[in-house]
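**Student:** Following this line is start.txt, made up of compact mmCIF, C-alpha atoms:
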```
# COMPACT_ATOMS: atom_id res chain seq x y z
CA ILE M 66 -47.86 -32.09 87.50
CA GLN M 67 -50.83 -30.73 85.58
CA ALA M 68 -48.81 -27.76 84.34
CA ARG M 69 -45.91 -30.02 83.39
CA ARG M 70 -48.10 -32.20 81.22
CA MET M 71 -49.93 -29.34 79.54
CA THR M 72 -47.28 -26.72 78.87
CA LEU M 73 -43.99 -28.47 78.07
CA SER M 74 -42.96 -29.22 74.52
CA ARG M 75 -44.65 -32.32 73.10
CA ARG M 76 -42.62 -34.74 71.02
CA PHE M 77 -44.46 -37.90 70.07
CA ILE M 78 -41.66 -39.72 68.29
CA SER M 79 -42.83 -43.31 68.15
CA PHE M 80 -44.00 -44.80 64.88
CA VAL M 81 -46.14 -47.79 64.01
CA ARG M 82 -46.36 -49.50 60.66
CA LEU M 83 -49.14 -52.03 60.17
CA MET M 84 -48.32 -54.66 57.60
CA THR M 85 -49.69 -57.98 56.35
CA LEU M 86 -47.09 -60.71 56.31
CA LEU M 87 -46.52 -64.39 56.85
CA HIS M 88 -44.38 -64.85 59.91
CA PRO M 89 -42.58 -68.22 60.20
CA ILE M 90 -43.21 -70.18 63.38
CA GLY M 91 -41.40 -73.48 63.27
CA ASP M 92 -42.23 -75.21 60.00
CA ARG M 93 -45.54 -73.45 59.57
CA LEU M 94 -46.64 -69.93 58.78
CA SER M 95 -48.65 -67.87 61.23
CA ARG M 96 -51.80 -65.91 60.57
CA ARG M 97 -51.69 -62.21 59.80
CA CYS M 98 -49.57 -60.14 62.14
CA LEU M 99 -49.49 -56.46 62.86
CA ILE M 100 -45.94 -55.11 62.92
CA LEU M 101 -45.55 -52.20 65.30
CA PHE M 102 -42.14 -50.64 65.15
CA VAL M 103 -40.42 -47.56 66.47
CA ALA M 104 -37.77 -46.24 64.11
CA LEU M 105 -35.14 -44.44 66.16
CA ALA M 106 -31.82 -42.87 65.48
CA ALA M 107 -29.07 -43.16 68.07
CA ASN M 108 -29.99 -39.80 69.60
CA GLY M 109 -33.56 -40.91 70.29
CA ILE M 110 -35.09 -38.98 67.41
CA VAL M 111 -37.03 -40.74 64.67
CA ALA M 112 -34.81 -41.90 61.82
CA GLY M 113 -34.61 -39.39 59.04
CA SER M 114 -34.83 -36.33 61.27
CA SER M 115 -32.48 -34.37 63.47
CA ALA M 116 -32.83 -32.77 66.87
CA SER M 117 -32.48 -29.32 65.35
CA ALA M 118 -35.45 -30.02 63.07
CA ILE M 119 -37.80 -30.76 65.94
CA GLN M 120 -39.87 -27.81 67.06
CA PRO M 121 -42.02 -27.70 70.22
CA GLY M 122 -45.39 -29.29 69.63
CA VAL M 123 -44.43 -30.62 66.19
CA LEU M 124 -43.99 -34.31 65.44
CA SER M 125 -40.71 -35.43 63.98
CA GLN M 126 -40.65 -36.16 60.25
CA LEU M 127 -40.31 -39.82 59.34
CA THR M 128 -38.57 -40.42 56.03
CA THR M 129 -37.87 -44.15 56.20
CA LYS M 130 -40.61 -46.51 55.00
CA GLU M 131 -39.12 -49.83 56.14
CA PRO M 132 -37.73 -51.00 59.49
CA GLN M 133 -34.07 -50.14 59.93
CA GLU M 134 -31.40 -52.07 61.80
CA ASN M 135 -31.98 -50.11 65.02
CA THR M 136 -35.77 -50.41 64.86
CA MET M 137 -37.74 -51.57 67.90
CA ILE M 138 -40.50 -53.99 66.95
CA LEU M 139 -43.63 -55.25 68.67
CA THR M 140 -45.64 -57.74 66.64
CA ALA M 141 -49.36 -57.67 67.41
CA SER M 142 -50.82 -61.04 66.49
CA PHE M 143 -54.16 -61.26 64.73
CA THR M 144 -57.01 -63.01 66.52
CA ASP M 145 -60.38 -63.65 64.90
CA VAL M 146 -62.32 -63.70 68.17
CA ASP M 147 -63.03 -60.58 70.22
CA PHE M 148 -63.15 -60.95 74.00
CA ILE M 149 -63.84 -58.92 77.14
CA PRO M 150 -60.73 -58.16 79.24
CA ASP M 151 -60.68 -59.75 82.69
CA GLY M 152 -57.04 -59.13 83.65
CA ASN M 153 -56.13 -62.82 83.37
CA LEU M 154 -53.09 -62.93 81.10
CA ASP M 155 -52.67 -66.69 81.46
CA LYS M 156 -55.36 -67.27 78.83
CA ALA M 157 -54.28 -69.09 75.68
CA VAL M 158 -54.67 -66.07 73.40
CA TRP M 159 -51.73 -64.33 75.12
CA SER M 160 -49.47 -67.37 75.43
CA LYS M 161 -47.99 -67.06 71.94
CA ALA M 162 -48.11 -63.28 71.63
CA GLN M 163 -44.73 -61.63 71.12
CA LYS M 164 -43.66 -59.54 74.11
CA VAL M 165 -41.44 -56.51 74.57
CA HIS M 166 -39.79 -55.50 77.84
CA PHE M 167 -38.65 -52.17 79.24
CA ASP M 168 -37.24 -51.04 82.58
CA ARG M 169 -35.25 -47.89 81.77
CA ASP M 170 -35.96 -44.44 83.08
CA ALA M 171 -37.45 -42.31 80.33
CA PHE M 172 -35.20 -39.33 81.05
CA LYS M 173 -32.08 -40.72 82.76
CA GLY M 174 -31.72 -44.05 80.99
CA THR M 175 -30.99 -45.87 84.25
CA PRO M 176 -32.34 -49.45 84.50
CA HIS M 177 -34.87 -50.46 87.15
CA PRO M 178 -35.21 -54.26 86.82
CA GLU M 179 -37.32 -54.45 89.98
CA VAL M 180 -40.16 -52.77 88.08
CA GLU M 181 -39.60 -54.31 84.65
CA THR M 182 -42.65 -53.98 82.42
CA THR M 183 -43.68 -56.45 79.72
CA VAL M 184 -46.21 -55.67 76.99
CA ALA M 185 -47.91 -57.76 74.31
CA SER M 186 -50.52 -56.87 71.71
CA LEU M 187 -53.30 -58.48 69.67
CA TRP M 188 -55.69 -57.10 67.10
CA THR M 189 -58.97 -57.77 65.37
CA LYS M 190 -60.68 -55.72 62.69
CA HIS M 191 -62.13 -53.21 65.14
CA TYR M 192 -60.02 -53.51 68.31
CA LEU M 193 -56.45 -53.21 69.47
CA TYR M 194 -55.63 -55.27 72.57
CA LEU M 195 -52.77 -54.56 74.97
CA ALA M 196 -51.51 -56.64 77.90
CA TYR M 197 -49.14 -55.40 80.61
CA TRP M 198 -47.18 -57.45 83.14
CA CYS M 199 -45.73 -55.11 85.79
CA LYS M 200 -43.24 -56.11 88.45
CA TYR M 201 -43.50 -54.00 91.59
CA THR M 202 -42.12 -53.56 95.09
CA THR M 203 -44.97 -51.51 96.59
CA LEU M 204 -48.14 -50.05 95.10
CA ASN M 205 -49.08 -46.39 95.07
CA THR M 206 -52.75 -45.88 94.14
CA TYR M 207 -55.70 -43.69 95.00
CA THR M 208 -57.92 -45.43 97.53
CA GLY M 209 -61.62 -45.34 98.31
CA GLU M 210 -62.59 -44.03 94.87
CA ASP M 211 -64.98 -45.33 92.23
CA PRO M 212 -62.91 -47.00 89.45
CA SER M 213 -65.79 -46.72 86.98
CA VAL M 214 -65.23 -42.94 86.72
CA GLN M 215 -62.14 -41.66 84.94
CA ARG M 216 -59.54 -40.15 87.28
CA TRP M 217 -57.84 -36.89 86.36
CA GLN M 218 -54.14 -36.82 87.30
CA LEU M 219 -54.04 -40.59 87.48
CA TRP M 220 -50.42 -40.24 86.33
CA ASP M 221 -49.51 -39.08 89.85
CA ARG M 222 -49.89 -42.69 91.00
CA ASP M 223 -48.79 -46.08 89.67
CA VAL M 224 -50.04 -46.42 86.11
CA VAL M 225 -49.30 -47.91 82.70
CA GLU M 226 -49.87 -45.77 79.63
CA ALA M 227 -50.05 -45.95 75.85
CA PHE M 228 -50.05 -43.05 73.40
CA ILE M 229 -51.57 -44.08 70.07
CA ALA M 230 -52.00 -42.14 66.81
CA PRO M 231 -53.73 -44.03 63.98
CA GLN M 232 -53.37 -41.04 61.65
CA SER M 233 -50.63 -41.48 59.09
CA ALA M 234 -50.15 -37.71 58.76
CA GLU M 235 -47.45 -36.15 60.93
CA THR M 236 -49.74 -34.12 63.17
CA PRO M 237 -49.53 -33.43 66.93
CA HIS M 238 -52.74 -35.39 67.47
CA TYR M 239 -52.94 -38.67 69.35
CA TYR M 240 -54.79 -40.51 72.11
CA GLU M 241 -53.63 -41.28 75.63
CA PHE M 242 -54.75 -44.27 77.67
CA GLU M 243 -53.86 -44.98 81.31
CA VAL M 244 -54.81 -47.73 83.76
CA ALA M 245 -53.75 -48.13 87.40
CA PRO M 246 -53.30 -51.37 89.39
CA ASN M 247 -56.74 -50.87 90.99
CA ASN M 248 -58.29 -50.46 87.51
CA GLN M 249 -58.76 -46.70 87.76
CA TRP M 250 -58.39 -45.17 84.33
CA ILE M 251 -58.35 -42.13 82.11
CA ASP M 252 -58.41 -41.61 78.36
CA LEU M 253 -57.58 -38.32 76.67
CA GLU M 254 -57.49 -36.84 73.21
CA ILE M 255 -54.27 -34.84 72.77
CA ASN M 256 -54.16 -32.24 70.00
CA PHE M 257 -51.68 -29.43 70.42
CA GLY M 258 -53.38 -27.48 67.68
CA SER M 259 -56.53 -27.22 69.81
CA LYS M 260 -57.27 -25.03 72.84
CA GLN M 261 -59.34 -27.91 74.24
CA SER M 262 -56.31 -30.18 74.55
CA PRO M 263 -56.07 -32.34 76.53
CA ASN M 264 -59.68 -33.24 75.89
CA ALA M 265 -60.92 -35.22 78.90
CA GLN M 266 -64.48 -35.25 77.52
CA TRP M 267 -63.39 -37.56 74.71
CA ASN M 268 -64.47 -41.12 75.43
CA SER M 269 -62.85 -44.10 73.74
CA ASN M 270 -65.10 -46.67 75.43
CA PHE M 271 -62.04 -48.84 75.94
CA LEU M 272 -62.42 -51.79 78.28
CA HIS M 273 -59.79 -52.74 80.84
CA ALA M 274 -59.27 -55.04 83.80
CA THR M 275 -56.42 -55.56 86.25
CA ARG M 276 -55.22 -58.18 88.72
CA ILE M 277 -52.63 -57.99 91.51
CA ASP M 278 -50.49 -61.00 92.42
CA GLU M 279 -49.12 -60.09 95.84
CA THR M 280 -47.19 -63.36 96.14
CA HIS M 281 -45.09 -62.78 93.03
CA ARG M 282 -45.20 -58.97 93.23
CA ILE M 283 -46.67 -58.43 89.79
CA TRP M 284 -49.79 -56.65 88.60
CA THR M 285 -51.37 -57.14 85.21
CA ALA M 286 -53.60 -55.04 82.98
CA GLU M 287 -55.59 -56.13 79.94
CA TRP M 288 -57.10 -53.60 77.53
CA ARG M 289 -59.43 -53.62 74.54
CA ILE M 290 -59.34 -50.35 72.59
CA PRO M 291 -61.91 -49.71 69.83
CA VAL M 292 -60.29 -47.98 66.89
CA GLU M 293 -63.36 -46.10 65.62
CA PRO M 294 -63.28 -43.39 68.35
CA MET M 295 -59.69 -42.71 67.26
CA GLY M 296 -60.90 -41.91 63.74
CA ALA M 297 -60.22 -45.27 62.12
CA GLU M 298 -63.16 -47.24 60.73
CA SER M 299 -61.21 -50.45 61.16
CA ILE M 300 -57.63 -51.66 61.39
CA ASP M 301 -55.96 -51.54 58.00
CA GLN M 302 -52.73 -53.50 58.10
CA ASN M 303 -51.30 -51.31 55.33
CA SER M 304 -51.63 -48.07 57.28
CA GLU M 305 -49.03 -46.36 59.45
CA TRP M 306 -49.57 -45.52 63.13
CA ARG M 307 -47.46 -44.04 65.90
CA ILE M 308 -47.25 -45.43 69.43
CA ASN M 309 -45.27 -45.42 72.65
CA LEU M 310 -45.61 -47.30 75.94
CA TYR M 311 -44.98 -45.88 79.40
CA ARG M 312 -45.18 -46.63 83.09
CA ALA M 313 -45.12 -44.46 86.21
CA ASP M 314 -44.25 -46.22 89.47
CA GLY M 315 -43.68 -45.20 93.07
CA ALA M 316 -44.51 -42.35 95.42
CA GLY M 317 -43.09 -38.86 95.77
CA SER M 318 -42.11 -36.25 93.21
CA ASP M 319 -41.34 -37.12 89.61
CA ALA M 320 -37.64 -37.03 90.48
CA GLU M 321 -38.21 -39.73 93.09
CA ARG M 322 -40.42 -42.01 91.01
CA ASN M 323 -39.70 -44.57 88.30
CA LEU M 324 -40.87 -43.05 85.01
CA LEU M 325 -40.26 -45.64 82.32
CA CYS M 326 -40.75 -45.73 78.56
CA TRP M 327 -40.35 -48.31 75.81
CA SER M 328 -39.21 -46.00 72.99
CA PRO M 329 -36.44 -43.62 74.17
CA LEU M 330 -37.44 -39.98 74.49
CA PRO M 331 -35.29 -36.97 73.59
CA VAL M 332 -32.71 -36.17 76.26
CA ASN M 333 -34.00 -33.68 78.85
CA ASN M 334 -37.51 -33.84 77.36
CA GLY M 335 -38.99 -33.79 80.88
CA SER M 336 -42.37 -35.11 79.74
CA PHE M 337 -43.84 -38.28 78.25
CA HIS M 338 -45.38 -36.07 75.54
```
Mind converting the file's structure to structure tokens?
**Tutor:**
Amino acid sequence: IQARRMTLSRRFISFVRLMTLLHPIGDRLSRRCLILFVALAANGIVAGSSASAIQPGVLSQLTTKEPQENTMILTASFTDVDFIPDGNLDKAVWSKAQKVHFDRDAFKGTPHPEVETTVASLWTKHYLYLAYWCKYTTLNTYTGEDPSVQRWQLWDRDVVEAFIAPQSAETPHYYEFEVAPNNQWIDLEINFGSKQSPNAQWNSNFLHATRIDETHRIWTAEWRIPVEPMGAESIDQNSEWRINLYRADGAGSDAERNLLCWSPLPVNNGSFH
């Protein structure tokens, strides 16, 4: 698994555009929203590029500047109050947040509704918040370990992930965040132009909390990610970011597990990167 994640070609094809807008809700207009969208062509490559143009370890070139008809959109609502995650996603701040859903295998495209994953997002000037609702059948986690210490190879167990790149430049540089149902975690700086990548010494100081509802077979995760460790002084709604959302579920080899993603990956990519 370690070799797979560190040596295969990396293609981070998701794209985020942060915009200020007035979004109609009923007869009134909402507060500022952050529009996160993934511009994809039919073949899973970012619009404006072709598969032949993608080289290993090089991000695809985005040429469109506005959402296209086939764009995937997640709207991150603005909130003016920062809060500490506790894993409770029934709080009012999440009740009106727009949600996206995914249940398809990242590499085969087959649906797995029994492990459908729902994600919502909020933002303040200095933090990006993410919430995950994860259906499950059984849980596969490390046991008897200290969740306050980051866990290398956490991706070998049940986990939700986000890859985020605040930089507008098309560089193979982004940040990986993972949290497991038992609140174990890891954050990594990924830079394929560096011999130190992945950099496990990088520390985002992101906060996270999880809860497990055994009755309804769903586990939740709530994150607060500071943007400054990712090289952004604050969130600028006119900037452009890249993002993708993932989940690994189940036991066994990668071929036996559910490896899901929100934004489709190139066919036969074989890696989330």
**Student:** Interatomic distance between CA of Pro212 in chain M and CA of Lys164 in chain M?
**Tutor:**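 Result for CA of Pro212 in chain M versus CA of Lys164 in chain M: 27.6 Å, one decimal.
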**Student:** If I take CA of Glu279 in chain M and CA of Gly152 in chain M, how far is one from the other in Å, to one decimal?
**Tutor:**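 Taking CA of Glu279 in chain M as the start and CA of Gly152 in chain M as the end point, the length is 14.6 Å.
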**Student:** If you measure from CA of Pro246 in chain M to CA of Ser299 in chain M, what distance in Å do you get, rounded to one decimal?
**Tutor:**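 Separating CA of Pro246 in chain M from CA of Ser299 in chain M is a distance of 29.3 Å.
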**Student:** For Asn268 in chain M, which residue among M:Glu293, M:Asp211, M:Glu298, M:Asp155 is the nearest when counting all atoms listed in the file?
**Tutor:**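 Looking at the shortest contact to Asn268 in chain M, the residue is M:Glu293.
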**Student:** Tell me which of M:Thr175, M:Gln215, M:Ser262, M:Gln302 sits closest to Lys190 in chain M, counting only C-alpha atoms.
**Tutor:**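 Checking each candidate against Lys190 in chain M, we get M:Gln302 as the closest.
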